[in-house]
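Have a look at input_23.txt below; it lists compact mmCIF, N, CA and C atoms.
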# COMPACT_ATOMS: atom_id res chain seq x y z
N MET G 11 21.83 -62.84 -32.49
CA MET G 11 21.83 -62.50 -31.10
C MET G 11 22.30 -61.07 -30.87
N GLN G 12 23.12 -60.61 -31.71
CA GLN G 12 23.65 -59.25 -31.56
C GLN G 12 22.55 -58.19 -31.58
N PRO G 13 21.54 -58.24 -32.46
CA PRO G 13 20.50 -57.21 -32.49
C PRO G 13 19.72 -57.12 -31.18
N ASN G 14 19.46 -58.24 -30.52
CA ASN G 14 18.75 -58.21 -29.24
C ASN G 14 19.56 -57.50 -28.17
N HIS G 15 20.84 -57.74 -28.18
CA HIS G 15 21.74 -57.10 -27.22
C HIS G 15 21.73 -55.58 -27.41
N ASN G 16 21.78 -55.13 -28.66
CA ASN G 16 21.73 -53.70 -28.96
C ASN G 16 20.37 -53.12 -28.62
N ASN G 17 19.32 -53.89 -28.84
CA ASN G 17 17.97 -53.44 -28.50
C ASN G 17 17.82 -53.15 -27.01
N LYS G 18 18.40 -54.02 -26.19
CA LYS G 18 18.32 -53.83 -24.74
C LYS G 18 19.04 -52.54 -24.33
N TYR G 19 20.20 -52.29 -24.93
CA TYR G 19 20.94 -51.08 -24.61
C TYR G 19 20.20 -49.82 -25.08
N MET G 20 19.58 -49.93 -26.24
CA MET G 20 18.80 -48.79 -26.75
C MET G 20 17.62 -48.49 -25.83
N LYS G 21 16.93 -49.52 -25.39
CA LYS G 21 15.80 -49.33 -24.48
C LYS G 21 16.28 -48.72 -23.16
N LEU G 22 17.39 -49.21 -22.66
CA LEU G 22 17.95 -48.68 -21.42
C LEU G 22 18.34 -47.21 -21.59
N LEU G 23 18.95 -46.87 -22.70
CA LEU G 23 19.34 -45.48 -22.95
C LEU G 23 18.11 -44.58 -23.07
N ILE G 24 17.07 -45.07 -23.71
CA ILE G 24 15.84 -44.28 -23.83
C ILE G 24 15.22 -44.04 -22.46
N VAL G 25 15.20 -45.07 -21.63
CA VAL G 25 14.64 -44.92 -20.27
C VAL G 25 15.47 -43.91 -19.47
N ILE G 26 16.77 -44.02 -19.52
CA ILE G 26 17.64 -43.10 -18.79
C ILE G 26 17.47 -41.68 -19.30
N PHE G 27 17.47 -41.51 -20.61
CA PHE G 27 17.30 -40.18 -21.21
C PHE G 27 15.94 -39.57 -20.82
N SER G 28 14.90 -40.37 -20.90
CA SER G 28 13.56 -39.89 -20.53
C SER G 28 13.51 -39.47 -19.07
N THR G 29 14.11 -40.25 -18.21
CA THR G 29 14.14 -39.93 -16.78
C THR G 29 14.88 -38.61 -16.54
N LEU G 30 16.00 -38.43 -17.22
CA LEU G 30 16.76 -37.19 -17.06
C LEU G 30 15.97 -35.99 -17.55
N ILE G 31 15.26 -36.11 -18.64
CA ILE G 31 14.45 -35.00 -19.17
C ILE G 31 13.34 -34.66 -18.19
N VAL G 32 12.65 -35.67 -17.67
CA VAL G 32 11.57 -35.42 -16.71
C VAL G 32 12.12 -34.75 -15.46
N GLU G 33 13.24 -35.22 -14.95
CA GLU G 33 13.86 -34.61 -13.76
C GLU G 33 14.25 -33.16 -14.02
N PHE G 34 14.79 -32.90 -15.19
CA PHE G 34 15.21 -31.54 -15.53
C PHE G 34 14.03 -30.58 -15.51
N PHE G 35 12.96 -30.94 -16.18
CA PHE G 35 11.79 -30.06 -16.25
C PHE G 35 11.06 -29.97 -14.91
N THR G 36 11.07 -31.04 -14.14
CA THR G 36 10.45 -31.00 -12.81
C THR G 36 11.21 -30.07 -11.89
N SER G 37 12.53 -30.14 -11.92
CA SER G 37 13.32 -29.27 -11.04
C SER G 37 13.19 -27.82 -11.45
N MET G 38 12.99 -27.54 -12.73
CA MET G 38 12.84 -26.16 -13.17
C MET G 38 11.48 -25.60 -12.78
N SER G 39 10.48 -26.44 -12.60
CA SER G 39 9.14 -25.95 -12.31
C SER G 39 8.97 -25.58 -10.84
N TYR G 40 9.84 -26.05 -9.98
CA TYR G 40 9.75 -25.73 -8.56
C TYR G 40 10.61 -24.50 -8.26
N ALA G 41 9.96 -23.44 -7.88
CA ALA G 41 10.68 -22.21 -7.56
C ALA G 41 11.23 -22.31 -6.15
N GLU G 42 12.38 -21.72 -5.95
CA GLU G 42 12.96 -21.67 -4.61
C GLU G 42 12.56 -20.34 -3.99
N GLU G 43 11.43 -20.36 -3.32
CA GLU G 43 10.93 -19.13 -2.72
C GLU G 43 11.67 -18.85 -1.41
N LYS G 44 12.07 -17.61 -1.24
CA LYS G 44 12.72 -17.17 -0.01
C LYS G 44 11.78 -16.23 0.71
N LYS G 45 11.59 -16.49 1.99
CA LYS G 45 10.68 -15.66 2.78
C LYS G 45 11.30 -14.28 3.03
N ILE G 46 10.46 -13.27 2.91
CA ILE G 46 10.88 -11.90 3.20
C ILE G 46 10.40 -11.56 4.60
N GLU G 47 11.33 -11.26 5.49
CA GLU G 47 10.96 -10.88 6.84
C GLU G 47 10.39 -9.47 6.81
N VAL G 48 9.24 -9.30 7.42
CA VAL G 48 8.56 -8.01 7.35
C VAL G 48 8.56 -7.32 8.71
N THR G 49 8.48 -6.01 8.64
CA THR G 49 8.33 -5.17 9.83
C THR G 49 6.92 -4.61 9.79
N GLU G 50 6.16 -4.87 10.85
CA GLU G 50 4.76 -4.42 10.90
C GLU G 50 4.72 -3.02 11.48
N LYS G 51 5.07 -2.04 10.69
CA LYS G 51 5.15 -0.68 11.19
C LYS G 51 3.80 -0.19 11.69
N TYR G 52 2.77 -0.34 10.90
CA TYR G 52 1.44 0.08 11.32
C TYR G 52 0.42 -1.03 11.11
N TRP G 53 0.85 -2.27 11.21
CA TRP G 53 -0.06 -3.40 11.01
C TRP G 53 -0.55 -3.82 12.40
N PHE G 54 -1.22 -2.89 13.08
CA PHE G 54 -1.64 -3.10 14.46
C PHE G 54 -2.74 -4.14 14.56
N GLU G 55 -2.81 -4.77 15.73
CA GLU G 55 -3.89 -5.70 15.99
C GLU G 55 -5.18 -4.93 16.20
N ASP G 56 -6.23 -5.45 15.64
CA ASP G 56 -7.56 -4.90 15.84
C ASP G 56 -8.11 -5.55 17.12
N THR G 57 -8.59 -4.76 18.04
CA THR G 57 -9.05 -5.32 19.31
C THR G 57 -10.30 -6.18 19.14
N ARG G 58 -11.02 -6.02 18.03
CA ARG G 58 -12.24 -6.80 17.81
C ARG G 58 -11.98 -8.09 17.06
N SER G 59 -10.83 -8.24 16.47
CA SER G 59 -10.55 -9.46 15.72
C SER G 59 -9.07 -9.80 15.80
N VAL G 60 -8.73 -10.97 15.32
CA VAL G 60 -7.34 -11.41 15.33
C VAL G 60 -6.59 -10.71 14.20
N SER G 61 -5.42 -10.20 14.52
CA SER G 61 -4.61 -9.55 13.50
C SER G 61 -3.96 -10.62 12.63
N TYR G 62 -3.86 -10.35 11.36
CA TYR G 62 -3.24 -11.28 10.45
C TYR G 62 -2.19 -10.56 9.62
N ILE G 63 -1.02 -11.16 9.52
CA ILE G 63 0.07 -10.58 8.74
C ILE G 63 0.32 -11.48 7.54
N PRO G 64 0.21 -10.94 6.33
CA PRO G 64 0.46 -11.77 5.14
C PRO G 64 1.92 -12.22 5.06
N THR G 65 2.14 -13.31 4.35
CA THR G 65 3.48 -13.84 4.13
C THR G 65 3.93 -13.42 2.74
N ILE G 66 5.16 -12.91 2.65
CA ILE G 66 5.72 -12.48 1.38
C ILE G 66 6.98 -13.31 1.11
N THR G 67 7.07 -13.87 -0.09
CA THR G 67 8.25 -14.61 -0.50
C THR G 67 8.67 -14.13 -1.88
N HIS G 68 9.87 -14.54 -2.28
CA HIS G 68 10.31 -14.21 -3.64
C HIS G 68 11.22 -15.30 -4.17
N ASP G 69 11.21 -15.44 -5.46
CA ASP G 69 12.13 -16.29 -6.18
C ASP G 69 12.73 -15.40 -7.26
N SER G 70 13.85 -14.80 -6.94
CA SER G 70 14.49 -13.82 -7.81
C SER G 70 13.53 -12.65 -8.03
N ASN G 71 13.12 -12.40 -9.25
CA ASN G 71 12.29 -11.22 -9.52
C ASN G 71 10.79 -11.52 -9.53
N THR G 72 10.40 -12.69 -9.08
CA THR G 72 8.98 -13.02 -8.92
C THR G 72 8.65 -13.00 -7.43
N LEU G 73 7.63 -12.22 -7.07
CA LEU G 73 7.23 -12.09 -5.68
C LEU G 73 5.87 -12.74 -5.48
N TYR G 74 5.66 -13.31 -4.28
CA TYR G 74 4.44 -14.01 -3.93
C TYR G 74 3.91 -13.47 -2.61
N ILE G 75 2.60 -13.30 -2.54
CA ILE G 75 1.97 -12.86 -1.29
C ILE G 75 0.89 -13.89 -0.95
N TYR G 76 0.95 -14.40 0.27
CA TYR G 76 -0.01 -15.37 0.77
C TYR G 76 -0.81 -14.71 1.89
N SER G 77 -2.10 -14.98 1.92
CA SER G 77 -2.94 -14.39 2.96
C SER G 77 -4.00 -15.40 3.39
N ASP G 78 -4.27 -15.45 4.68
CA ASP G 78 -5.33 -16.31 5.20
C ASP G 78 -6.68 -15.61 5.16
N ILE G 79 -6.66 -14.33 4.87
CA ILE G 79 -7.91 -13.57 4.76
C ILE G 79 -7.91 -12.83 3.42
N ILE G 80 -9.08 -12.41 2.97
CA ILE G 80 -9.18 -11.63 1.74
C ILE G 80 -8.69 -10.21 2.03
N LEU G 81 -7.80 -9.72 1.20
CA LEU G 81 -7.29 -8.36 1.32
C LEU G 81 -7.71 -7.58 0.08
N GLU G 82 -8.78 -6.82 0.21
CA GLU G 82 -9.27 -6.02 -0.91
C GLU G 82 -8.55 -4.68 -0.93
N ASN G 83 -8.21 -4.22 -2.11
CA ASN G 83 -7.54 -2.93 -2.30
C ASN G 83 -6.21 -2.86 -1.54
N LEU G 84 -5.45 -3.93 -1.63
CA LEU G 84 -4.11 -3.96 -1.05
C LEU G 84 -3.17 -3.25 -2.01
N ASN G 85 -2.45 -2.25 -1.51
CA ASN G 85 -1.49 -1.53 -2.34
C ASN G 85 -0.12 -2.15 -2.14
N ILE G 86 0.52 -2.50 -3.25
CA ILE G 86 1.85 -3.11 -3.23
C ILE G 86 2.80 -2.18 -3.96
N THR G 87 3.94 -1.87 -3.33
CA THR G 87 4.99 -1.12 -4.01
C THR G 87 6.32 -1.83 -3.79
N VAL G 88 7.16 -1.78 -4.80
CA VAL G 88 8.52 -2.32 -4.71
C VAL G 88 9.46 -1.24 -5.20
N LYS G 89 10.51 -1.00 -4.41
CA LYS G 89 11.51 0.01 -4.76
C LYS G 89 12.89 -0.61 -4.68
N ASN G 90 13.82 -0.03 -5.43
CA ASN G 90 15.20 -0.49 -5.33
C ASN G 90 15.91 0.26 -4.19
N ALA G 91 17.20 0.01 -4.02
CA ALA G 91 17.95 0.60 -2.90
C ALA G 91 18.04 2.11 -2.97
N THR G 92 17.91 2.69 -4.17
CA THR G 92 17.97 4.15 -4.30
C THR G 92 16.59 4.80 -4.14
N GLY G 93 15.55 3.97 -3.95
CA GLY G 93 14.21 4.51 -3.77
C GLY G 93 13.41 4.63 -5.05
N MET G 94 13.98 4.17 -6.16
CA MET G 94 13.26 4.24 -7.43
C MET G 94 12.12 3.22 -7.44
N LEU G 95 10.94 3.66 -7.81
CA LEU G 95 9.76 2.81 -7.84
C LEU G 95 9.85 1.84 -9.02
N LEU G 96 9.80 0.54 -8.72
CA LEU G 96 9.86 -0.49 -9.75
C LEU G 96 8.50 -1.11 -10.04
N TYR G 97 7.63 -1.08 -9.03
CA TYR G 97 6.32 -1.72 -9.18
C TYR G 97 5.35 -1.07 -8.22
N SER G 98 4.15 -0.82 -8.69
CA SER G 98 3.07 -0.31 -7.84
C SER G 98 1.75 -0.80 -8.41
N ASN G 99 0.93 -1.38 -7.54
CA ASN G 99 -0.35 -1.89 -8.00
C ASN G 99 -1.28 -2.04 -6.80
N THR G 100 -2.57 -1.86 -7.05
CA THR G 100 -3.59 -2.10 -6.03
C THR G 100 -4.37 -3.32 -6.47
N VAL G 101 -4.41 -4.34 -5.61
CA VAL G 101 -4.98 -5.63 -5.98
C VAL G 101 -5.87 -6.16 -4.87
N THR G 102 -6.60 -7.20 -5.18
CA THR G 102 -7.33 -7.98 -4.18
C THR G 102 -6.67 -9.34 -4.10
N ILE G 103 -6.31 -9.74 -2.90
CA ILE G 103 -5.68 -11.04 -2.69
C ILE G 103 -6.69 -11.94 -2.00
N LEU G 104 -6.94 -13.07 -2.62
CA LEU G 104 -7.88 -14.03 -2.06
C LEU G 104 -7.18 -14.93 -1.05
N ASN G 105 -7.94 -15.44 -0.12
CA ASN G 105 -7.36 -16.33 0.89
C ASN G 105 -7.20 -17.75 0.37
N THR G 106 -7.67 -18.03 -0.84
CA THR G 106 -7.61 -19.38 -1.38
C THR G 106 -6.43 -19.60 -2.32
N GLN G 107 -5.73 -18.54 -2.69
CA GLN G 107 -4.59 -18.71 -3.59
C GLN G 107 -3.58 -17.61 -3.38
N ARG G 108 -2.35 -17.89 -3.76
CA ARG G 108 -1.31 -16.89 -3.63
C ARG G 108 -1.42 -15.87 -4.76
N TYR G 109 -0.94 -14.68 -4.49
CA TYR G 109 -0.87 -13.64 -5.51
C TYR G 109 0.59 -13.53 -5.92
N SER G 110 0.86 -13.52 -7.21
CA SER G 110 2.24 -13.42 -7.66
C SER G 110 2.36 -12.37 -8.76
N PHE G 111 3.55 -11.79 -8.83
CA PHE G 111 3.86 -10.85 -9.91
C PHE G 111 5.35 -10.88 -10.15
N THR G 112 5.72 -10.54 -11.38
CA THR G 112 7.12 -10.54 -11.79
C THR G 112 7.50 -9.14 -12.24
N ILE G 113 8.67 -8.71 -11.83
CA ILE G 113 9.19 -7.41 -12.23
C ILE G 113 10.33 -7.65 -13.21
N ASP G 114 10.11 -7.28 -14.46
CA ASP G 114 11.13 -7.47 -15.49
C ASP G 114 12.31 -6.53 -15.26
N ASP G 115 13.45 -6.91 -15.77
CA ASP G 115 14.68 -6.10 -15.68
C ASP G 115 15.05 -5.74 -14.25
N MET G 116 14.81 -6.65 -13.33
CA MET G 116 15.18 -6.44 -11.93
C MET G 116 16.56 -7.08 -11.75
N ASN G 117 17.57 -6.26 -11.55
CA ASN G 117 18.94 -6.74 -11.44
C ASN G 117 19.27 -7.12 -10.01
N LYS G 118 20.51 -7.54 -9.80
CA LYS G 118 20.98 -7.86 -8.45
C LYS G 118 20.87 -6.62 -7.57
N GLY G 119 20.69 -6.86 -6.27
CA GLY G 119 20.68 -5.74 -5.34
C GLY G 119 19.68 -5.92 -4.22
N GLU G 120 19.53 -4.85 -3.44
CA GLU G 120 18.60 -4.85 -2.32
C GLU G 120 17.35 -4.09 -2.72
N PHE G 121 16.21 -4.60 -2.25
CA PHE G 121 14.92 -4.04 -2.62
C PHE G 121 14.02 -3.93 -1.39
N LEU G 122 13.01 -3.10 -1.52
CA LEU G 122 12.03 -2.87 -0.46
C LEU G 122 10.65 -3.14 -1.02
N ILE G 123 9.86 -3.96 -0.30
CA ILE G 123 8.47 -4.15 -0.67
C ILE G 123 7.61 -3.57 0.44
N GLU G 124 6.57 -2.86 0.07
CA GLU G 124 5.66 -2.25 1.03
C GLU G 124 4.23 -2.68 0.72
N LEU G 125 3.49 -3.05 1.76
CA LEU G 125 2.08 -3.39 1.63
C LEU G 125 1.27 -2.42 2.48
N THR G 126 0.24 -1.83 1.88
CA THR G 126 -0.66 -0.94 2.60
C THR G 126 -2.07 -1.46 2.42
N TYR G 127 -2.75 -1.69 3.55
CA TYR G 127 -4.11 -2.22 3.54
C TYR G 127 -4.92 -1.45 4.57
N ARG G 128 -5.88 -0.70 4.08
CA ARG G 128 -6.67 0.20 4.93
C ARG G 128 -5.70 1.12 5.66
N LYS G 129 -5.66 1.07 6.98
CA LYS G 129 -4.72 1.91 7.73
C LYS G 129 -3.51 1.11 8.20
N LYS G 130 -3.34 -0.06 7.62
CA LYS G 130 -2.24 -0.94 8.02
C LYS G 130 -1.11 -0.83 7.01
N TYR G 131 0.13 -0.95 7.51
CA TYR G 131 1.31 -0.79 6.66
C TYR G 131 2.40 -1.73 7.17
N LEU G 132 3.04 -2.43 6.24
CA LEU G 132 4.22 -3.21 6.60
C LEU G 132 5.19 -3.18 5.44
N TYR G 133 6.44 -3.50 5.74
CA TYR G 133 7.47 -3.50 4.70
C TYR G 133 8.49 -4.58 4.99
N GLY G 134 9.24 -4.93 3.98
CA GLY G 134 10.30 -5.91 4.12
C GLY G 134 11.39 -5.66 3.10
N HIS G 135 12.61 -5.98 3.48
CA HIS G 135 13.77 -5.85 2.59
C HIS G 135 14.15 -7.23 2.09
N PHE G 136 14.59 -7.30 0.83
CA PHE G 136 15.06 -8.57 0.29
C PHE G 136 16.16 -8.29 -0.73
N ASN G 137 16.96 -9.32 -0.95
CA ASN G 137 18.09 -9.23 -1.88
C ASN G 137 17.92 -10.19 -3.03
N ILE G 138 18.40 -9.77 -4.18
CA ILE G 138 18.52 -10.66 -5.34
C ILE G 138 20.00 -10.75 -5.66
N SER G 139 20.53 -11.96 -5.60
CA SER G 139 21.97 -12.12 -5.80
C SER G 139 22.31 -12.81 -7.11
N GLN G 140 21.32 -13.24 -7.86
CA GLN G 140 21.61 -13.94 -9.12
C GLN G 140 20.97 -13.22 -10.26
What does this structure look like when you write it as structure tokens?
Amino acid sequence: MQPNHNNKYMKLLIVIFSTLIVEFFTSMSYAEEKKIEVTEKYWFEDTRSVSYIPTITHDSNTLYIYSDIILENLNITVKNATGMLLYSNTVTILNTQRYSFTIDDMNKGEFLIELTYRKKYLYGHFNISQ
């Protein structure tokens, strides 16, 4: 009778361990994105169409841009608090998926992201504290 009792405990331990492993990896796969509040300096409304402002979020040194419209030749720049350029790229953002990029060696501090699209310009400040 003793082996059956140990078998039940082993099965229970395996189930608990498996559950903990799945929870650990699931929690790591979900990024905690923080929205970056933007200032639409020159992101004026077009009188012929509805103006659209992209959404920018970040999870530490990974930034995400969401758009409901296609943004071709969107220029993205990221600078640190001293104005040093950390990232610059011209991309096309599709309306069907988010655009993401990671900046390596980005330490704690305050940063500025700027988006330029045609004659439109907006920027936002964000902090990395970890």
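You can rank G:Lys129, G:Tyr109, G:Thr102, G:His68 by their closest distance to Ile80 (chain G) using all atoms listed in the file, and at the top of that list sits G:Thr102.
From atom C of Asn117 (chain G) back to CA of Leu81 (chain G), the distance works out to 28.9 Å.
With only N, CA and C atoms as the atoms that count, the residue of G:Ser98, G:Thr87, G:Thr72, G:Asn105 with the shortest distance to Ile123 (chain G) is G:Thr87.
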Test item: which residues lie within 8 Å of (4.3, -8.0, -10.6) counting all atoms listed in the file, as a ChimeraX atom specification: /G:71-73,97-98,110-114
Protein and nucleic acid residues near (-2.5, -16.9, 6.1) (cut-off 8 Å, only N, CA and C atoms) as JSON, numbers by chain: {"G": [62, 63, 64, 65, 76, 77, 78, 79, 105]}
Residues near Glu124 (chain G), cut-off 5 Å, only N, CA and C atoms, skip fewer than 2 positions along chain, as a list in words: Ile86, Thr87, Leu122, Thr126, Leu132 and Tyr133 of chain G
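Computed from the coordinates, the CA of Asn137 (chain G) to atom N of Arg108 (chain G) distance equals 22.3 Å.
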Picked from region 46-131 of chain G by DSSP as strand (DSSP E or B), as a PyMOL selection string: chain G and resi 46+48-49+65-69+72-76+81-90+95-103+109-112+119-127+130-131
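Taking CA of Thr100 (chain G) and atom C of Asn83 (chain G) as endpoints, the distance between them is 5.3 Å.
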Pick from G:Gly93, G:Tyr131, G:Glu42, G:Asn85 nearest to Asp69 (chain G), counting all atoms listed in the file: G:Glu42
Among listed residues G:Glu82, G:Ile24, G:Thr92, G:Gly119, nearest Leu104 (chain G) (using only C-alpha atoms): G:Glu82
Distance query Gly134 (chain G) at most 8 Å, all atoms listed in the file, self and fewer than 4 positions along chain excluded, as an MDAnalysis selection string: chainID G and resid 46:50 121:125
DSSP-assigned helix (DSSP H, G or I) members of region 33-138 of chain G, reported as a PyMOL selection string: chain G and resi 33-39
May I ask you to restore N, CA, C and O atoms in region 100-124 of chain G and write the result as an mmCIF file, keeping the file's coordinate frame?
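Result saved to result.cif:
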data_model
loop_
_atom_site.group_PDB
_atom_site.id
_atom_site.type_symbol
_atom_site.label_atom_id
_atom_site.label_comp_id
_atom_site.auth_asym_id
_atom_site.auth_seq_id
_atom_site.Cartn_x
_atom_site.Cartn_y
_atom_site.Cartn_z
ATOM 1 N N THR G 100 -2.570 -1.860 -7.050
ATOM 2 C CA THR G 100 -3.590 -2.100 -6.030
ATOM 3 C C THR G 100 -4.370 -3.320 -6.470
ATOM 4 O O THR G 100 -4.905 -3.354 -7.587
ATOM 5 N N VAL G 101 -4.410 -4.340 -5.610
ATOM 6 C CA VAL G 101 -4.980 -5.630 -5.980
ATOM 7 C C VAL G 101 -5.870 -6.160 -4.870
ATOM 8 O O VAL G 101 -5.873 -5.647 -3.745
ATOM 9 N N THR G 102 -6.600 -7.200 -5.180
ATOM 10 C CA THR G 102 -7.330 -7.980 -4.180
ATOM 11 C C THR G 102 -6.670 -9.340 -4.100
ATOM 12 O O THR G 102 -6.492 -10.010 -5.125
ATOM 13 N N ILE G 103 -6.310 -9.740 -2.900
ATOM 14 C CA ILE G 103 -5.680 -11.040 -2.690
ATOM 15 C C ILE G 103 -6.690 -11.940 -2.000
ATOM 16 O O ILE G 103 -7.234 -11.588 -0.952
ATOM 17 N N LEU G 104 -6.940 -13.070 -2.620
ATOM 18 C CA LEU G 104 -7.880 -14.030 -2.060
ATOM 19 C C LEU G 104 -7.180 -14.930 -1.050
ATOM 20 O O LEU G 104 -5.969 -15.154 -1.141
ATOM 21 N N ASN G 105 -7.940 -15.440 -0.120
ATOM 22 C CA ASN G 105 -7.360 -16.330 0.890
ATOM 23 C C ASN G 105 -7.200 -17.750 0.370
ATOM 24 O O ASN G 105 -6.638 -18.595 1.046
ATOM 25 N N THR G 106 -7.670 -18.030 -0.840
ATOM 26 C CA THR G 106 -7.610 -19.380 -1.380
ATOM 27 C C THR G 106 -6.430 -19.600 -2.320
ATOM 28 O O THR G 106 -6.176 -20.720 -2.720
ATOM 29 N N GLN G 107 -5.730 -18.540 -2.690
ATOM 30 C CA GLN G 107 -4.590 -18.710 -3.590
ATOM 31 C C GLN G 107 -3.580 -17.610 -3.380
ATOM 32 O O GLN G 107 -3.908 -16.535 -2.897
ATOM 33 N N ARG G 108 -2.350 -17.890 -3.760
ATOM 34 C CA ARG G 108 -1.310 -16.890 -3.630
ATOM 35 C C ARG G 108 -1.420 -15.870 -4.760
ATOM 36 O O ARG G 108 -1.910 -16.175 -5.846
ATOM 37 N N TYR G 109 -0.940 -14.680 -4.490
ATOM 38 C CA TYR G 109 -0.870 -13.640 -5.510
ATOM 39 C C TYR G 109 0.590 -13.530 -5.920
ATOM 40 O O TYR G 109 1.482 -13.477 -5.065
ATOM 41 N N SER G 110 0.860 -13.520 -7.210
ATOM 42 C CA SER G 110 2.240 -13.420 -7.660
ATOM 43 C C SER G 110 2.360 -12.370 -8.760
ATOM 44 O O SER G 110 1.416 -12.114 -9.486
ATOM 45 N N PHE G 111 3.550 -11.790 -8.830
ATOM 46 C CA PHE G 111 3.860 -10.850 -9.910
ATOM 47 C C PHE G 111 5.350 -10.880 -10.150
ATOM 48 O O PHE G 111 6.141 -11.203 -9.266
ATOM 49 N N THR G 112 5.720 -10.540 -11.380
ATOM 50 C CA THR G 112 7.120 -10.540 -11.790
ATOM 51 C C THR G 112 7.500 -9.140 -12.240
ATOM 52 O O THR G 112 6.733 -8.477 -12.930
ATOM 53 N N ILE G 113 8.670 -8.710 -11.830
ATOM 54 C CA ILE G 113 9.190 -7.410 -12.230
ATOM 55 C C ILE G 113 10.330 -7.650 -13.210
ATOM 56 O O ILE G 113 11.364 -8.217 -12.850
ATOM 57 N N ASP G 114 10.110 -7.280 -14.460
ATOM 58 C CA ASP G 114 11.130 -7.470 -15.490
ATOM 59 C C ASP G 114 12.310 -6.530 -15.260
ATOM 60 O O ASP G 114 12.174 -5.479 -14.650
ATOM 61 N N ASP G 115 13.450 -6.910 -15.770
ATOM 62 C CA ASP G 115 14.680 -6.100 -15.680
ATOM 63 C C ASP G 115 15.050 -5.740 -14.250
ATOM 64 O O ASP G 115 15.536 -4.646 -13.971
ATOM 65 N N MET G 116 14.810 -6.650 -13.330
ATOM 66 C CA MET G 116 15.180 -6.440 -11.930
ATOM 67 C C MET G 116 16.560 -7.080 -11.750
ATOM 68 O O MET G 116 16.697 -8.287 -11.829
ATOM 69 N N ASN G 117 17.570 -6.260 -11.550
ATOM 70 C CA ASN G 117 18.940 -6.740 -11.440
ATOM 71 C C ASN G 117 19.270 -7.120 -10.010
ATOM 72 O O ASN G 117 18.452 -7.005 -9.113
ATOM 73 N N LYS G 118 20.510 -7.540 -9.800
ATOM 74 C CA LYS G 118 20.980 -7.860 -8.450
ATOM 75 C C LYS G 118 20.870 -6.620 -7.570
ATOM 76 O O LYS G 118 20.987 -5.499 -8.046
ATOM 77 N N GLY G 119 20.690 -6.860 -6.270
ATOM 78 C CA GLY G 119 20.680 -5.740 -5.340
ATOM 79 C C GLY G 119 19.680 -5.920 -4.220
ATOM 80 O O GLY G 119 19.088 -6.976 -4.039
ATOM 81 N N GLU G 120 19.530 -4.850 -3.440
ATOM 82 C CA GLU G 120 18.600 -4.850 -2.320
ATOM 83 C C GLU G 120 17.350 -4.090 -2.720
ATOM 84 O O GLU G 120 17.412 -3.063 -3.394
ATOM 85 N N PHE G 121 16.210 -4.600 -2.250
ATOM 86 C CA PHE G 121 14.920 -4.040 -2.620
ATOM 87 C C PHE G 121 14.020 -3.930 -1.390
ATOM 88 O O PHE G 121 14.244 -4.584 -0.384
ATOM 89 N N LEU G 122 13.010 -3.100 -1.520
ATOM 90 C CA LEU G 122 12.030 -2.870 -0.460
ATOM 91 C C LEU G 122 10.650 -3.140 -1.020
ATOM 92 O O LEU G 122 10.297 -2.639 -2.084
ATOM 93 N N ILE G 123 9.860 -3.960 -0.300
ATOM 94 C CA ILE G 123 8.470 -4.150 -0.670
ATOM 95 C C ILE G 123 7.610 -3.570 0.440
ATOM 96 O O ILE G 123 7.921 -3.744 1.626
ATOM 97 N N GLU G 124 6.570 -2.860 0.070
ATOM 98 C CA GLU G 124 5.660 -2.250 1.030
ATOM 99 C C GLU G 124 4.230 -2.680 0.720
ATOM 100 O O GLU G 124 3.826 -2.694 -0.444
#
